[in-house]
Amino acid sequence: MNATIFEREQHGDLAHLVSTLQSEIDRYKRQAKNLTRMNSLHQRMASILDLPSMIEKYSIWLMEYVQHDLFGFNNPCLQRLHMYCSHHGPRRRQSISLAELLLRRLDQYPMSEQLDNLYACKWAIQREQTCEGLVFVRMDTPFSREELQFIEDTLPVLSDTLRRALEFEKIFTQNREDPLTGLPNRVVFEERMPIAMEQARRHGHPLSLAALDLDHFKSVNDAMGHLIGDKVLKNVSRAMNNEIRQTDLLARMGGDEFLLVMPDTTIKEAAVLAQRLCNAVKSLNIHAAQKTLGVSIGLAEWDLPLSQDQWIELADNRLYQAKANGKSQVLYH
């Protein structure tokens with residue numbers, strides 16, 4: 001009898017040991033599998049330096065493990081907002097609207113949120129004197145605990161990569177920033193235009209361009225002097241920059257000429273924004289020689305087979321037609 005009890009106890013101990021060992025083996029297998037995935041993420045991101053491409057590559061990589069419609073990043077201090085969305089039409093607009101809302105409220109909880117049939121999760125990454133936000137959005141299905149944990153496991157890799165991209169941007173800021181207005185310069189425009197065009201082509205998203213030229217700026221310079229003229233350019237640049245989205249690119253090309261790239265924007269949507277820019281400049285109430293400072297704008301939506309130069313030329317032609325028609329207006333056809 002005692003021997004039987006002893007044998008049962010031994011058998012129970014052995015079964016417990018086998019179960020424990022199997023659990024440990026399974027845990028090591030999961031760790032090894034996860035390490036392999038993280039290594040593949042490292043390799044995928046290693047050669048990328050620009051932030052928009054980094055956001056896109058990470059989202060595409062993650063899609064294999066966690067299905068999502070949108071991945072967004074925001075650094076409010078540096079004004080770096082980028083999103084990658086794999087859908088189109090109303091679904092795309094709904095996802096972007098929710099992501100923008102959450103990325104503006106990084107300091108607020110909850111970290112998961114539902115709006116109608118949209119589900120989102122967000123993280124805040126604390127850095128020295130700044131805070132960055134990450135958001136994921138998808139339709140119809142909440143993120144599971146396992147999916148959230150997997151995303152969280154990738155964040156150290158992603159965070160290091162994002163830091164590298166931001167440091168790279170910082171190093172080249174002086175060469176990429178207009179010293180008078182603080183806007184991106186021609187170098188930035190030439191770098192980002194091909195990227196914007198390629199992303200629009202690949203995903204079938206609209207992309208619009210505005211060519212802008214100030215009206216009667218020469219009168220301001222002649223009447224008030226170049227020091228006041230420089231101050232006017234700063235004020236105009238600030239007023240226009242306040243009207244655009246963080247995803248848009250407003251670049252000073254020289255003198256009183258600007259170009260504005262608007263991703264995910266049709267020509268009619270661009271016309272609405274361009275009219276706001278006209279109103280913003282007019283509201284500055286800058287007068288010289290009985291003339292009011294304004295801005296004329298020519299718009300063009302990109303589509304194949306337009307090359308970059310042809311696209312810019314089309315917007316530029318419409319700009320000068322707007323000037324010929326009486327200035328301080330928007331022309332897009």
# chains A, B, ... in the order shown; residues from 1 in each chain; ligands from 1

$ residues_around --residues "Val187 in chain A" --least-positions-apart "2" --cutoff "12 Å" --atoms "only C-alpha atoms" --output "VMD selection string"
chain A and resid 172 to 178 183 to 185 189 to 193 251 to 254

$ select_by_dssp --residues "range 71-296 of chain A" --states "strand (DSSP E or B)" --output "MDAnalysis selection string"
chainID A and resid 71:75 80:85 112:115 118:127 130:139 177 184 207:215 249:254 257:263 287:288 291:292 294:296

$ residues_around --residues "His82 in chain A" --least-positions-apart "6" --cutoff "12 Å" --atoms "only C-alpha atoms" --output "JSON, numbers by chain"
{"A": [50, 51, 52, 53, 54, 55, 56, 59, 70, 71, 72, 73, 74, 75, 76, 96, 99, 100, 103, 132, 133, 134, 135, 162, 245, 246, 247, 248, 249, 263]}

$ write_last_selection --atoms "C-alpha atoms" --output "JSON list (two decimals), in the first residue's frame"
[["chain", "number", "residue", "atom", "x", "y", "z"],
["A", 50, "ASP", "CA", 14.15, 59.46, -43.56],
["A", 51, "LEU", "CA", 11.18, 59.41, -41.21],
["A", 52, "PRO", "CA", 8.31, 58.86, -43.73],
["A", 53, "SER", "CA", 9.98, 55.77, -45.21],
["A", 54, "MET", "CA", 10.71, 54.50, -41.72],
["A", 55, "ILE", "CA", 7.04, 54.74, -40.72],
["A", 56, "GLU", "CA", 5.97, 52.94, -43.89],
["A", 59, "SER", "CA", 3.94, 49.32, -40.71],
["A", 70, "LEU", "CA", -2.99, 52.79, -40.04],
["A", 71, "PHE", "CA", 0.22, 53.48, -38.13],
["A", 72, "GLY", "CA", 0.98, 57.05, -37.11],
["A", 73, "PHE", "CA", 3.83, 58.89, -35.39],
["A", 74, "ASN", "CA", 3.92, 62.37, -33.88],
["A", 75, "ASN", "CA", 6.63, 64.43, -32.22],
["A", 76, "PRO", "CA", 4.87, 67.72, -31.35],
["A", 96, "ILE", "CA", -6.66, 59.37, -40.22],
["A", 99, "ALA", "CA", -5.30, 58.93, -35.38],
["A", 100, "GLU", "CA", -4.85, 62.71, -35.49],
["A", 103, "LEU", "CA", -1.88, 61.91, -31.38],
["A", 132, "GLU", "CA", 6.51, 61.11, -28.99],
["A", 133, "GLY", "CA", 3.27, 59.34, -29.79],
["A", 134, "LEU", "CA", 2.52, 56.17, -31.72],
["A", 135, "VAL", "CA", -0.97, 55.11, -32.76],
["A", 162, "LEU", "CA", 13.13, 56.83, -34.81],
["A", 245, "ARG", "CA", -1.28, 70.41, -41.90],
["A", 246, "GLN", "CA", 1.86, 68.91, -40.40],
["A", 247, "THR", "CA", 1.88, 66.38, -43.23],
["A", 248, "ASP", "CA", 2.09, 69.20, -45.84],
["A", 249, "LEU", "CA", 5.38, 70.69, -47.00],
["A", 263, "PRO", "CA", -0.26, 64.65, -49.78]]

$ atom_distance --atom1 "CA of Met139 in chain A" --atom2 "CA of Lys122 in chain A"
15.1 Å

$ atom_distance --atom1 "CA of Asp264 in chain A" --atom2 "CA of Asp303 in chain A"
12.6 Å

$ residues_around --residues "Ala315 in chain A" --least-positions-apart "2" --cutoff "8 Å" --atoms "only C-alpha atoms" --output "CSV table (one decimal) with N, CA and C atoms, in the first residue's frame"
chain,number,residue,atom,x,y,z
A,209,LEU,N,-0.1,70.2,-55.6
A,209,LEU,CA,1.0,71.1,-55.5
A,209,LEU,C,0.5,72.5,-55.7
A,210,ALA,N,1.0,73.4,-54.9
A,210,ALA,CA,0.6,74.8,-55.0
A,210,ALA,C,1.9,75.6,-55.2
A,211,ALA,N,1.9,76.5,-56.3
A,211,ALA,CA,2.9,77.5,-56.5
A,211,ALA,C,2.4,78.8,-56.0
A,298,GLY,N,-1.2,79.1,-57.8
A,298,GLY,CA,-1.6,78.2,-58.9
A,298,GLY,C,-1.5,76.8,-58.4
A,299,LEU,N,-2.5,76.0,-58.7
A,299,LEU,CA,-2.6,74.6,-58.2
A,299,LEU,C,-2.6,73.6,-59.3
A,300,ALA,N,-2.0,72.4,-59.0
A,300,ALA,CA,-2.0,71.3,-60.0
A,300,ALA,C,-2.0,70.0,-59.2
A,311,TRP,N,5.0,68.8,-63.7
A,311,TRP,CA,4.0,69.1,-62.6
A,311,TRP,C,4.2,70.5,-62.1
A,312,ILE,N,5.5,70.8,-61.7
A,312,ILE,CA,5.8,72.2,-61.2
A,312,ILE,C,5.5,73.2,-62.2
A,313,GLU,N,5.8,73.0,-63.5
A,313,GLU,CA,5.5,73.9,-64.6
A,313,GLU,C,4.0,74.2,-64.7
A,317,ASN,N,2.5,77.8,-64.2
A,317,ASN,CA,1.7,78.5,-65.3
A,317,ASN,C,0.4,79.0,-64.7
A,318,ARG,N,-0.3,78.2,-63.9
A,318,ARG,CA,-1.5,78.7,-63.3
A,318,ARG,C,-1.3,79.8,-62.3
A,319,LEU,N,-0.2,79.8,-61.6
A,319,LEU,CA,0.1,80.9,-60.8
A,319,LEU,C,0.2,82.2,-61.5
A,332,TYR,N,-6.9,76.8,-60.5
A,332,TYR,CA,-6.6,75.4,-60.5
A,332,TYR,C,-7.1,74.7,-61.8

$ atom_distance --atom1 "CA of Arg127 in chain A" --atom2 "CA of Tyr65 in chain A"
27.2 Å

$ closest_residue --among "A:Thr181, A:Val330, A:Pro142, A:Gln126" --to "Leu155 in chain A" --atoms "only C-alpha atoms"
A:Gln126

$ residues_around --residues "Leu212 in chain A" --least-positions-apart "6" --cutoff "9 Å" --atoms "only C-alpha atoms" --output "ChimeraX atom specification"
/A:256-260,295-299,316,319

$ closest_residue --among "A:Leu180, A:Leu304, A:Cys85, A:Ala274" --to "Asp230 in chain A" --atoms "only C-alpha atoms"
A:Leu180

$ residues_around --residues "Ala288 in chain A" --least-positions-apart "2" --cutoff "6 Å" --atoms "only C-alpha atoms" --output "count of residues only"
4
